[in-house]
Structure formats: C-alpha cells, structure tokens
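Asks: My structure file query-v4.cif, mmCIF, C-alpha atoms, is below:
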data_protein
#
loop_
_atom_site.label_atom_id
_atom_site.label_comp_id
_atom_site.auth_asym_id
_atom_site.auth_seq_id
_atom_site.Cartn_x
_atom_site.Cartn_y
_atom_site.Cartn_z
CA MET A 95 23.13 -12.62 -17.50
CA ASP A 96 21.72 -15.85 -18.90
CA SER A 97 17.98 -15.57 -19.49
CA ASN A 98 17.74 -19.27 -18.54
CA ILE A 99 18.96 -18.65 -15.02
CA SER A 100 17.56 -21.13 -12.50
CA SER A 101 16.57 -20.81 -8.86
CA LYS A 102 19.40 -21.22 -6.36
CA CYS A 103 17.02 -21.77 -3.45
CA SER A 104 17.08 -25.22 -1.85
CA LYS A 105 13.39 -24.96 -0.89
CA LEU A 106 10.52 -25.95 -3.17
CA VAL A 107 8.74 -22.60 -2.77
CA VAL A 108 9.70 -19.02 -1.99
CA ALA A 109 6.96 -16.93 -0.37
CA ALA A 110 7.35 -13.22 0.33
CA ILE A 111 5.21 -11.30 2.81
CA ASP A 112 4.90 -7.53 2.58
CA ILE A 113 3.23 -5.79 5.53
CA GLY A 114 2.68 -2.35 4.04
CA THR A 115 1.75 0.87 5.78
CA ALA A 116 -1.67 0.70 4.18
CA TYR A 117 -1.84 -2.37 1.95
CA SER A 118 -0.35 -5.81 2.54
CA GLY A 119 -0.02 -9.00 0.59
CA TYR A 120 2.16 -11.91 -0.36
CA ALA A 121 3.59 -13.49 -3.47
CA PHE A 122 5.19 -16.84 -4.20
CA SER A 123 6.69 -19.02 -6.87
CA PHE A 124 8.03 -22.55 -7.14
CA GLN A 125 11.67 -23.51 -7.47
CA SER A 126 11.13 -25.06 -10.92
CA THR A 127 9.34 -21.96 -12.26
CA TRP A 128 10.81 -19.20 -10.10
CA ASN A 129 10.02 -16.50 -12.65
CA LYS A 130 6.25 -17.18 -12.60
CA VAL A 131 5.42 -15.24 -9.45
CA MET A 132 1.83 -15.52 -8.26
CA THR A 133 -0.21 -13.28 -5.98
CA PRO A 134 -3.65 -13.94 -4.49
CA PHE A 135 -6.74 -12.01 -5.49
CA TRP A 136 -8.61 -10.24 -2.72
CA GLN A 137 -12.35 -9.74 -3.22
CA VAL A 138 -13.97 -6.43 -2.26
CA ARG A 139 -17.58 -6.00 -3.35
CA GLN A 140 -17.50 -6.29 -7.15
CA SER A 141 -13.77 -5.63 -7.43
CA ILE A 142 -10.62 -7.73 -7.13
CA THR A 143 -7.22 -6.44 -5.97
CA ASN A 144 -3.73 -7.91 -5.57
CA LYS A 145 -3.33 -6.51 -2.06
CA THR A 146 -5.60 -6.03 0.92
CA PRO A 147 -5.70 -3.18 3.47
CA THR A 148 -3.40 -3.46 6.47
CA CYS A 149 -6.25 -3.76 8.95
CA LEU A 150 -6.55 -6.32 11.75
CA LEU A 151 -9.68 -7.28 13.68
CA LEU A 152 -9.16 -9.27 16.88
CA ARG A 153 -11.78 -10.54 19.28
CA LYS A 154 -10.63 -10.01 22.86
CA ASP A 155 -10.18 -13.76 23.38
CA TYR A 156 -8.48 -14.09 19.92
CA SER A 157 -11.22 -16.50 18.81
CA VAL A 158 -11.77 -14.26 15.77
CA VAL A 159 -8.84 -13.00 13.71
CA LEU A 160 -9.59 -11.22 10.45
CA PHE A 161 -7.34 -9.17 8.21
CA GLY A 162 -7.73 -6.80 5.27
CA TYR A 163 -11.06 -6.25 3.56
CA GLU A 164 -12.62 -8.94 5.73
CA ALA A 165 -11.55 -7.08 8.86
CA GLU A 166 -12.88 -3.76 7.55
CA ASP A 167 -16.24 -5.19 6.53
CA GLU A 168 -16.76 -7.26 9.69
CA TYR A 169 -15.87 -4.29 11.89
CA SER A 170 -18.41 -2.13 10.05
CA TYR A 171 -21.10 -4.76 10.75
CA ILE A 172 -20.35 -5.25 14.44
CA LYS A 173 -19.99 -1.50 14.97
CA GLU A 174 -23.44 -0.89 13.48
CA ASP A 175 -24.76 -3.64 15.81
CA ASN A 176 -22.96 -1.94 18.72
CA LYS A 177 -20.93 -5.08 19.50
CA HIS A 178 -17.52 -3.58 18.76
CA GLU A 179 -16.44 -3.36 22.40
CA ASP A 180 -15.60 -7.08 22.28
CA TYR A 181 -13.07 -6.45 19.49
CA TYR A 182 -9.87 -4.61 18.71
CA PHE A 183 -9.65 -2.99 15.26
CA PHE A 184 -6.21 -1.79 14.13
CA GLN A 185 -5.11 0.14 11.05
CA GLY A 186 -2.20 2.41 10.19
CA PHE A 187 -0.05 0.82 12.88
CA LYS A 188 3.12 0.06 10.93
CA VAL A 189 4.36 3.62 11.38
CA ILE A 190 5.12 3.03 15.07
CA LEU A 191 8.18 1.02 14.01
CA HIS A 192 9.69 4.19 12.54
CA GLU A 193 10.29 5.29 16.12
CA GLU A 194 13.73 4.87 17.71
CA SER A 195 12.33 3.43 20.94
CA VAL A 196 11.13 0.15 19.41
CA ASN A 197 10.74 -2.65 21.94
CA ARG A 198 8.69 -5.79 22.48
CA HIS A 199 6.39 -4.08 24.95
CA MET A 200 5.39 -1.07 22.84
CA LEU A 201 1.67 -0.69 22.17
CA CYS A 202 -0.56 -0.34 19.12
CA GLN A 203 -3.62 1.83 19.56
CA ALA A 204 -6.90 0.40 18.30
CA HIS A 205 -9.59 2.36 16.47
CA ASP A 206 -11.45 3.12 19.71
CA GLY A 207 -8.36 4.21 21.65
CA ARG A 208 -7.69 0.97 23.52
CA SER A 209 -4.23 -0.57 23.17
CA LEU A 210 -2.60 -3.96 22.70
CA GLU A 211 1.03 -5.03 22.56
CA ALA A 212 2.44 -4.33 19.10
CA SER A 213 4.16 -7.72 19.03
CA VAL A 214 0.75 -9.41 19.23
CA VAL A 215 -0.69 -7.24 16.46
CA PHE A 216 2.19 -7.81 14.01
CA MET A 217 2.35 -11.51 14.85
CA HIS A 218 -1.33 -11.97 13.96
CA CYS A 219 -0.90 -10.05 10.69
CA ILE A 220 2.00 -12.24 9.59
CA ARG A 221 0.26 -15.42 10.77
CA TYR A 222 -2.90 -14.52 8.86
CA LEU A 223 -1.03 -13.96 5.58
CA LYS A 224 1.06 -17.09 6.13
CA SER A 225 -2.10 -19.15 6.77
CA HIS A 226 -3.84 -17.62 3.74
CA PHE A 227 -0.90 -18.59 1.54
CA TYR A 228 -0.76 -22.13 2.94
CA ALA A 229 -4.51 -22.57 2.45
CA LYS A 230 -4.10 -21.43 -1.17
CA LEU A 231 -1.56 -24.21 -1.75
CA GLN A 232 -3.83 -26.79 -0.16
CA THR A 233 -6.82 -25.64 -2.21
CA ALA A 234 -4.73 -26.29 -5.32
CA CYS A 235 -3.96 -29.78 -3.94
CA ILE A 236 -0.25 -28.98 -3.70
CA ASP A 237 1.40 -31.07 -0.99
CA ILE A 238 3.98 -28.68 0.43
CA LYS A 239 5.22 -28.85 4.00
CA ASP A 240 6.30 -25.76 5.93
CA ASP A 241 9.93 -26.90 5.84
CA ASP A 242 9.72 -26.76 2.03
CA ILE A 243 9.13 -22.99 2.08
CA GLN A 244 11.66 -20.17 2.13
CA TYR A 245 10.02 -17.04 3.54
CA VAL A 246 11.08 -13.46 2.79
CA LEU A 247 9.74 -10.61 4.93
CA THR A 248 10.18 -7.04 3.70
CA VAL A 249 10.98 -4.01 5.88
CA PRO A 250 11.68 -0.31 5.10
CA ALA A 251 15.30 0.77 4.69
CA ILE A 252 14.79 3.64 7.14
CA TRP A 253 14.01 1.28 10.02
CA GLY A 254 16.63 0.76 12.67
CA ASP A 255 18.04 -2.60 13.74
CA LYS A 256 15.60 -2.87 16.65
CA ALA A 257 12.60 -2.64 14.31
CA LYS A 258 14.07 -5.32 12.03
CA VAL A 259 14.66 -7.61 15.00
CA PHE A 260 11.11 -6.88 16.16
CA MET A 261 9.70 -8.04 12.80
CA ARG A 262 11.85 -11.17 12.77
CA GLU A 263 10.64 -12.09 16.25
CA ALA A 264 7.02 -11.41 15.22
CA ALA A 265 7.47 -13.73 12.23
CA ILE A 266 8.94 -16.46 14.44
CA GLU A 267 5.99 -16.08 16.84
CA ALA A 268 3.72 -16.42 13.79
CA GLY A 269 5.20 -19.84 13.06
CA ILE A 270 8.06 -19.15 10.64
CA LYS A 271 11.31 -20.82 11.60
CA ASN A 272 14.25 -18.44 11.93
CA GLU A 273 16.39 -20.51 9.58
CA HIS A 274 13.66 -20.32 6.93
CA LEU A 275 13.39 -16.53 7.05
CA ILE A 276 15.14 -13.78 5.08
CA ILE A 277 14.63 -10.14 6.03
CA ALA A 278 14.82 -7.97 2.90
CA LEU A 279 14.82 -4.19 2.61
CA GLU A 280 11.82 -2.92 0.62
CA PRO A 281 13.93 -0.80 -1.77
CA GLU A 282 16.31 -3.75 -2.17
CA ALA A 283 13.41 -5.93 -3.30
CA ALA A 284 12.07 -3.20 -5.60
CA SER A 285 15.52 -2.77 -7.14
CA ILE A 286 15.85 -6.50 -7.77
CA TYR A 287 12.40 -6.62 -9.36
CA CYS A 288 13.25 -3.80 -11.75
CA GLN A 289 16.68 -5.24 -12.61
CA TYR A 290 15.56 -8.82 -13.18
CA LEU A 291 12.03 -8.37 -14.59
CA HIS A 292 13.21 -8.69 -18.19
CA ILE A 293 14.89 -12.00 -17.30
CA ALA A 294 12.00 -13.37 -15.29
CA LYS A 295 9.45 -12.24 -17.86
CA GLU A 296 10.95 -11.96 -21.31
CA ASP A 297 7.66 -10.79 -22.87
CA THR A 298 7.29 -7.79 -20.57
CA SER A 299 6.19 -4.69 -22.46
CA SER A 300 7.10 -2.22 -19.73
CA ALA A 301 10.30 -0.23 -19.42
CA VAL A 302 12.85 -2.11 -17.33
CA LEU A 303 15.96 -1.07 -15.47
CA GLY A 304 17.96 -4.15 -16.37
CA VAL A 305 20.93 -5.40 -14.37
CA VAL A 306 22.79 -2.15 -13.78
CA LYS A 307 26.43 -1.64 -14.67
CA PRO A 308 29.14 -1.28 -12.01
CA GLY A 309 29.16 2.16 -10.43
CA THR A 310 25.67 3.07 -11.65
CA LYS A 311 23.52 5.23 -9.39
CA PHE A 312 19.72 5.23 -9.48
CA MET A 313 16.85 6.46 -7.36
CA VAL A 314 13.95 4.27 -6.19
CA VAL A 315 10.76 6.23 -5.50
CA ASP A 316 8.27 4.01 -3.64
CA LEU A 317 4.88 5.70 -3.42
CA GLY A 318 2.29 4.00 -1.26
CA THR A 319 -1.39 4.34 -2.13
CA PRO A 320 -3.60 3.47 0.81
CA LEU A 321 -7.32 3.36 1.19
CA SER A 322 -7.80 4.52 4.73
CA SER A 323 -4.52 4.45 6.62
CA SER A 324 -1.24 6.34 6.78
CA GLY A 325 0.33 6.39 3.34
CA THR A 326 4.00 7.24 2.92
CA ALA A 327 6.62 7.69 0.23
CA HIS A 328 10.07 6.14 0.62
CA ILE A 329 12.91 7.41 -1.58
CA THR A 330 16.35 5.79 -1.75
CA VAL A 331 19.49 6.31 -3.81
CA HIS A 332 21.33 3.12 -4.81
CA GLN A 333 24.74 2.45 -6.30
CA LYS A 334 26.20 -0.77 -7.68
CA SER A 335 29.80 -1.26 -6.57
CA ALA A 336 32.66 -1.09 -9.06
CA ASP A 337 33.14 -4.87 -8.86
CA SER A 338 29.36 -5.58 -8.96
CA ASN A 339 29.66 -7.63 -5.77
CA SER A 340 27.40 -5.35 -3.76
CA GLU A 341 24.73 -2.69 -4.02
CA LYS A 342 24.56 0.09 -1.46
CA ILE A 343 21.75 2.38 -0.44
CA LEU A 344 23.55 5.70 -0.15
CA MET A 345 20.56 7.62 1.15
CA ALA A 346 17.10 6.74 2.48
CA SER A 347 14.32 9.20 3.26
CA TRP A 348 10.59 9.16 3.70
CA GLY A 349 7.68 11.53 4.03
CA PRO A 350 3.86 11.77 4.18
CA TRP A 351 3.34 11.95 0.41
CA GLY A 352 1.57 8.68 -0.26
CA GLY A 353 -1.93 8.13 -1.61
CA LYS A 354 -3.59 8.81 1.75
CA TYR A 355 -2.97 12.49 1.29
CA VAL A 356 -4.89 12.47 -1.97
CA ASN A 357 -7.69 10.77 -0.05
CA ASP A 358 -7.41 13.44 2.64
CA MET A 359 -8.05 16.16 0.06
CA PHE A 360 -11.16 14.30 -1.08
CA MET A 361 -12.45 14.00 2.50
CA THR A 362 -11.67 17.69 3.10
CA PHE A 363 -13.77 18.52 0.07
CA LEU A 364 -16.68 16.40 1.33
CA THR A 365 -16.43 17.96 4.78
CA GLU A 366 -16.51 21.45 3.30
CA LEU A 367 -19.48 20.43 1.16
CA VAL A 368 -21.73 18.81 3.77
CA GLY A 369 -20.18 19.66 7.15
CA GLU A 370 -18.18 17.80 9.79
CA ARG A 371 -21.25 16.48 11.59
CA VAL A 372 -22.53 14.66 8.48
CA ILE A 373 -19.16 12.96 7.94
CA LYS A 374 -18.81 12.04 11.62
CA ASP A 375 -22.36 10.70 11.96
CA PHE A 376 -22.19 8.82 8.68
CA LYS A 377 -18.96 7.10 9.71
CA GLU A 378 -20.48 6.17 13.07
CA GLU A 379 -23.90 5.07 11.82
CA CYS A 380 -23.02 3.54 8.45
CA MET A 381 -19.41 2.37 8.45
CA GLU A 382 -20.12 0.04 5.54
CA GLY A 383 -21.30 2.93 3.38
CA TYR A 384 -18.32 5.04 4.44
CA LEU A 385 -15.95 2.27 3.36
CA ASP A 386 -17.75 1.91 0.04
CA MET A 387 -17.42 5.64 -0.64
CA THR A 388 -13.68 5.69 0.09
CA ARG A 389 -13.18 2.56 -2.02
CA TYR A 390 -15.01 4.15 -4.94
CA PHE A 391 -12.67 7.13 -4.70
CA GLU A 392 -9.64 4.83 -4.52
CA ALA A 393 -10.66 3.13 -7.77
CA LYS A 394 -11.08 6.48 -9.55
CA LYS A 395 -7.82 7.77 -8.10
CA ARG A 396 -5.81 5.04 -9.78
CA LYS A 397 -7.21 5.98 -13.20
CA ALA A 398 -6.56 9.72 -13.00
CA ASN A 399 -4.42 11.20 -15.78
CA SER A 400 -3.22 14.62 -16.84
CA TYR A 401 -4.71 14.84 -20.34
CA ARG A 402 -8.26 13.47 -20.41
CA ASP A 403 -11.10 16.00 -20.67
CA GLY A 404 -14.62 15.28 -19.47
CA SER A 405 -15.66 14.40 -15.94
CA THR A 406 -15.13 11.93 -13.10
CA SER A 407 -18.02 10.64 -11.01
CA ILE A 408 -18.24 8.61 -7.81
CA PRO A 409 -21.33 6.77 -6.51
CA ILE A 410 -22.57 8.17 -3.20
CA PRO A 411 -24.41 5.78 -0.83
CA MET A 412 -28.06 6.67 -0.30
CA PRO A 413 -27.73 6.65 3.52
CA PHE A 414 -25.22 9.50 3.09
CA ILE A 415 -27.67 11.44 0.94
CA HIS A 416 -30.53 10.89 3.37
CA LEU A 417 -28.38 11.94 6.34
CA CYS A 418 -27.36 15.14 4.54
CA GLU A 419 -30.97 15.97 3.72
CA LYS A 420 -32.01 15.35 7.31
CA LEU A 421 -29.26 17.36 8.99
CA HIS A 422 -29.46 20.23 6.49
CA ASN A 423 -33.27 20.17 6.63
CA VAL A 424 -33.72 20.00 2.84
CA ILE A 425 -35.84 17.82 0.59
CA ASP A 426 -33.26 17.33 -2.16
CA PHE A 427 -29.50 16.80 -1.68
CA ARG A 428 -28.88 19.17 -4.60
CA GLU A 429 -30.01 21.99 -2.33
CA VAL A 430 -27.01 21.27 -0.07
CA ILE A 431 -24.72 21.83 -3.04
CA ASP A 432 -26.58 24.89 -4.33
CA LYS A 433 -26.33 26.58 -0.92
CA ASN A 434 -22.59 25.92 -0.62
CA GLU A 435 -20.82 29.05 -1.89
CA LEU A 436 -17.40 27.40 -1.83
CA HIS A 437 -18.18 24.35 -3.98
CA ARG A 438 -21.50 24.81 -5.79
CA ASN A 439 -19.65 25.48 -9.05
CA ASN A 440 -17.17 22.63 -8.57
CA VAL A 441 -19.40 19.57 -8.28
CA LYS A 442 -22.77 18.27 -9.44
CA TYR A 443 -25.04 15.52 -8.17
CA THR A 444 -26.75 13.40 -10.78
CA ALA A 445 -27.97 9.81 -11.00
CA GLY A 446 -26.74 9.03 -7.48
CA LYS A 447 -23.21 10.25 -8.17
CA LEU A 448 -21.04 13.26 -7.39
CA LYS A 449 -19.46 14.53 -10.60
CA TRP A 450 -16.43 16.79 -11.06
CA GLU A 451 -14.79 18.15 -14.18
CA ASN A 452 -11.50 16.29 -14.59
CA LYS A 453 -9.51 19.50 -14.30
CA TYR A 454 -10.94 20.05 -10.81
CA PHE A 455 -10.64 16.37 -9.82
CA ARG A 456 -6.93 16.48 -10.61
CA GLY A 457 -6.63 19.17 -7.95
CA PHE A 458 -7.04 16.49 -5.27
CA PHE A 459 -3.54 15.28 -6.27
CA LYS A 460 -1.77 18.64 -6.43
CA LYS A 461 -0.46 18.92 -2.87
CA THR A 462 0.83 15.33 -2.85
CA ILE A 463 2.48 15.59 -6.28
CA ASP A 464 4.06 18.97 -5.50
CA SER A 465 5.52 17.54 -2.26
CA ILE A 466 6.97 14.51 -4.03
CA VAL A 467 8.51 16.62 -6.81
CA LYS A 468 9.94 19.11 -4.31
CA HIS A 469 11.57 16.39 -2.21
CA ILE A 470 13.09 14.61 -5.23
CA ASP A 471 14.39 17.93 -6.53
CA GLU A 472 16.02 18.63 -3.17
CA LEU A 473 17.71 15.21 -3.22
CA PHE A 474 19.16 15.93 -6.67
CA GLU A 475 20.72 19.09 -5.20
CA GLU A 476 22.57 17.06 -2.55
CA ASP A 477 25.97 15.52 -3.26
CA VAL A 478 24.59 11.99 -3.18
CA GLY A 479 21.98 12.75 -5.85
CA ARG A 480 23.73 15.07 -8.29
CA ASP A 481 24.95 12.34 -10.64
CA VAL A 482 21.78 10.20 -10.51
CA ASP A 483 20.21 9.95 -13.96
CA ILE A 484 17.65 7.18 -13.41
CA ILE A 485 14.39 7.33 -11.43
CA VAL A 486 12.56 4.06 -10.79
CA MET A 487 8.94 4.46 -9.66
CA VAL A 488 7.27 1.67 -7.68
CA GLY A 489 4.36 1.40 -5.26
CA GLY A 490 0.64 1.70 -5.87
CA LEU A 491 0.53 5.48 -6.43
CA SER A 492 3.23 5.09 -9.09
CA GLU A 493 0.64 3.30 -11.21
CA CYS A 494 -1.34 6.56 -11.45
CA HIS A 495 -0.60 8.22 -14.81
CA LEU A 496 -1.14 11.67 -13.32
CA VAL A 497 1.76 11.08 -10.91
CA GLN A 498 3.94 9.47 -13.60
CA ASP A 499 3.38 12.41 -15.95
CA ALA A 500 4.31 14.92 -13.25
CA ILE A 501 7.60 13.15 -12.47
CA LYS A 502 8.50 12.85 -16.16
CA LYS A 503 7.62 16.49 -16.85
CA ASN A 504 9.57 17.87 -13.89
CA PHE A 505 12.64 15.70 -14.48
CA GLU A 506 12.86 15.64 -18.26
CA GLN A 507 16.63 15.12 -18.21
CA LYS A 508 16.28 11.92 -16.20
CA THR A 509 15.28 8.45 -17.35
CA VAL A 510 12.03 7.57 -15.55
CA ILE A 511 11.17 3.87 -15.37
CA VAL A 512 7.79 2.56 -14.22
CA PRO A 513 7.79 -1.26 -14.39
CA GLU A 514 4.64 -3.25 -14.98
CA GLU A 515 2.71 -4.00 -11.79
CA ALA A 516 4.65 -1.27 -9.99
CA GLY A 517 2.44 -1.74 -6.95
CA LEU A 518 3.73 -5.31 -6.59
CA ALA A 519 7.41 -4.52 -7.22
CA VAL A 520 8.46 -4.95 -3.59
CA VAL A 521 6.69 -8.24 -2.89
CA LYS A 522 7.55 -9.81 -6.27
CA GLY A 523 11.14 -8.58 -6.04
CA ALA A 524 11.36 -10.25 -2.63
CA VAL A 525 10.41 -13.55 -4.28
CA TYR A 526 13.14 -13.05 -6.89
CA LEU A 527 15.61 -12.40 -4.06
CA GLY A 528 14.62 -15.61 -2.30
CA HIS A 529 15.35 -17.63 -5.42
CA LEU A 530 18.46 -15.82 -6.65
CA SER A 531 20.15 -14.69 -3.44
CA ASP A 532 23.30 -16.65 -4.29
CA ASP A 533 23.64 -14.74 -7.58
CA ILE A 534 22.37 -11.33 -6.47
CA PRO A 535 24.59 -9.13 -4.30
CA ARG A 536 22.63 -8.19 -1.16
CA THR A 537 21.93 -4.52 -0.66
CA THR A 538 23.44 -2.79 2.36
CA LEU A 539 22.99 0.65 3.90
CA SER A 540 25.92 2.95 3.36
#
Could you spell out this file's structure in structure tokens?
Replies:
Amino acid sequence: MDSNISSKCSKLVVAAIDIGTAYSGYAFSFQSTWNKVMTPFWQVRQSITNKTPTCLLLRKDYSVVLFGYEAEDEYSYIKEDNKHEDYYFFQGFKVILHEESVNRHMLCQAHDGRSLEASVVFMHCIRYLKSHFYAKLQTACIDIKDDDIQYVLTVPAIWGDKAKVFMREAAIEAGIKNEHLIIALEPEAASIYCQYLHIAKEDTSSAVLGVVKPGTKFMVVDLGTPLSSSGTAHITVHQKSADSNSEKILMASWGPWGGKYVNDMFMTFLTELVGERVIKDFKEECMEGYLDMTRYFEAKKRKANSYRDGSTSIPIPMPFIHLCEKLHNVIDFREVIDKNELHRNNVKYTAGKLKWENKYFRGFFKKTIDSIVKHIDELFEEDVGRDVDIIVMVGGLSECHLVQDAIKKNFEQKTVIVPEEAGLAVVKGAVYLGHLSDDIPRTTLS
C-alpha cells in the first residue's frame, strides 16, 4: 500500500471515543494529517496519563457531572465531608452490557448501592468525553463545527446487537448525530492500528503486523489494566479473506484476566498484613489516601519485568500508618509487620514506603499471567486456532514487560507483536478506521 495514502473521510476531523471497562479516553486527527493521531493528557497528582478511569460522578440534579480522575478525587472529598448522599458515583459499570438482557431501562448500581438508568450513565460518559474533546479544539483556537467531525465509538466484539444499539442510542442522546457516527469493534480497531501503524508512522521503532496477506490468521490479545474497576481480557482470532475484501473475527472470548486481578492480589496482601478492618476504615475515612495508594501500585505495576533484581517500593500514606498503629495498639508500624507470621519476611517498611524484593513482587502477577497463558493455549488447541502463528498484544497490561515476556516464553513458536503505545491501540486504530474506511475492509463476526 502507498505510504502516502490520504484520508478518505469527508469530515475535517475524525474523533474516536473508547469507553473502556476501567479506563476511557479519546483520540483524534485532522483530515489533512490523518496519521498524526493525538490524545489528551489527563493529570493525576504529579503524573500524566493518556487515559482516565471509567468513573462517573453525578449530582442528583445533574448540576455536577465529572468523569475520570476528577470524579474519583471529588468523590473522595465529598465522602470525607459526608456529603456523598447528594451524588451518584459509578465505576466498573461497562460489564453490564455483556448481559443478554440489555435494554434501555436496565440499571447501573452506584458505589453506595443506589441505582440509575444505565442509558443516563453511558450518555453522560460519552457527552463528557465529547465535550472535553471539543473544548480542547477551542482552546487551540481551532474553529471546527460539530458537523465537521466524524465520530467513531468502539465496542467489544463479544457484545450482542442489543448492546451495540444501546451504545449508539447513548451516543445520540449525548449529542452525536447518527449519520456522523461509526460503531467499530474494539478488536477491529486494534487490528487496523497494528496493520497500518507503519504507514501512519514510518519512523515507528516497534514491531508491526503490517497489512496482512490474504488468508492470514492472527490472534489479538487485548489486556485491560484498570486502577480500581473490573478489568478484563478480550481475545479474538482474525482472518483476512482470500480476496482481501473482508476480515472476519472467527472467534471472540473474554475473561477476568485484566490488570484488576493483579491489583486484587496486592489488596489481598495488604489485608493479610494489616487486617480487613484497617482497609475498610481507611477507605471510608480517607478515600483520597486510598486512591493514592492504589495509583502508586498501578504505576509500579506497569514497570514490572521478569529479569531485574533488587526491590520495588510503594509510598504508603501516613493516615494509613497511623490507623494501623491505632487499631493494632502499637507505637511503630514496623511492629505490625514483625508480628505478622505470614508476611514479616516478605516486606519491609522504610522511609515511608513498603518494600518488596522484586522476585516476591512479581508474584502479584502470577495468577493473572497463568490464566492468560492457559486460555491462549486452550484456544490454540481448538480448530480455529491451530494454524494461527501470530499473536498481537494490545491494551494497557500488554505494556508490562513481565506479561510480554511470559507470552513470548510460553509461545516461542509464535510471532508475538507488541506495537508501540499498545494501551492506545484500540482508540488510535478507531481514528485510522474513520479516515480510511473506504480503503479498509470492515471486520465482521463469523
């Protein structure tokens, strides 16, 4: 394919919105420079990320609508001030659309157990990201009208038709015109990103799939890496048709093997170390500190690898330390560790941080990695997977070298491709699709 390929979209801008199970975001590029896809930066304390948690905070009268890190932080403040009863706080709600009984009147359960119609929750999420994108254009003094924008909204391949219709209707309610909206399958977008990355970005240094030859089969392993909600892994097997006019998803499966389950192992460790009451009270009394602690772990999780010696440490908020000392009736937090027969040899506390040897820290990943490897291995034993020689890894957890190394080690006979910015493969691939849909055969479910 010509590396000078141009956008086939009639709109001035293509914007893709990805409502993830745990993280969400958007990406966009202009018709004249379709290959220069941009994403916003989301600020969290001293860090910057390309996506923001899929969390929504709604005041009862809808006068306050916050999303992502803003929603998490604001909820922690109002909860500590005991004003949270005037608000709904939602997270981990995307999974309800996996159910077969999807309808406009189904409910999302808020953090405190109250419920609200799911259509309202999803509509506000899409509207927030759409408004954030539009404000970004205006801040840059770019005069773009809504009719100049082609929107692409991504959905999982395993969803049924009712869930896809539900998302389209939510997007329309959020202010996106039906004729300006493309619904794209997440693995379809990831596949397009990996096939066209070397064309869109000729200087890429990462391994790329390239535009696959007719008849080629490959597996897309999309590993989510959430902070505090329900993380999942989606695995699909694709095949390009003999005439290259279509690409089919021959098999789609999913399971609870995303980054959340690494986080769960960390929280299990903390609970075993200090007790359930400390964790419960800390989360209730100091939500801000609880969020900080889980975010610190998330940052370390992304950097884990299978070969580095030494140790990994995570800052622990002082309110957590003081609460432990109070409830355990000790003067020094180190006494809590020393008295714990299960973990006193596994962790140390020094300079305000918990510290583990890297060999032990890698154990937090073992259950998740073993589950992913086992499921992929089972798929290769099925008829649809026996002649698949290529594994493409996308999603936030795919950026973790420890996970990459495990997949490469266990499937040495396969070609394993991890593109640059694997965590953005779906949303950036959706932008490519919006620009090149006339040239790219749309993916269908077999």
Asks: Rounded to one decimal place, report the CA of Ile270 (chain A)-CA of Ala283 (chain A) distance in Å.
Replies: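 Result for CA of Ile270 (chain A) versus CA of Ala283 (chain A): 19.9 Å, one decimal.
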Asks: Mind telling me what the PyMOL selection byres ((chain A and resi 137) around 12) catches here, as a PyMOL selection string?
Replies: chain A and resi 134-136+138-147+162-164+167
Asks: Restricting the calculation to all atoms listed in the file: of A:Ile431, A:Leu385, A:Ala445, A:Val521, which residue gets closest to Val108 (chain A)?
Replies: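 So, comparing all the options, the nearest one is A:Val521.
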Asks: Give as a VMD selection string the residues that the PyMOL selection byres ((chain A and resi 193) around 10) matches when applied to the coordinates above.
Replies: chain A and resid 189 to 192 194 to 197 253 to 254 256 to 257
Asks: Return the single residue from A:Leu247, A:Ile277, A:Ala212, A:Leu496 that is closest to Lys394 (chain A), with distances computed using only C-alpha atoms.
Replies: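 Once distances to Lys394 (chain A) are computed over only C-alpha atoms, the minimum belongs to A:Leu496.
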Asks: Of the residues A:Asp532, A:Leu291, A:Arg371, A:Ser209, which is the one nearest to Val131 (chain A), using all atoms listed in the file?
Replies: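 When distances to Val131 (chain A) are compared using all atoms listed in the file, the smallest one comes from A:Leu291.
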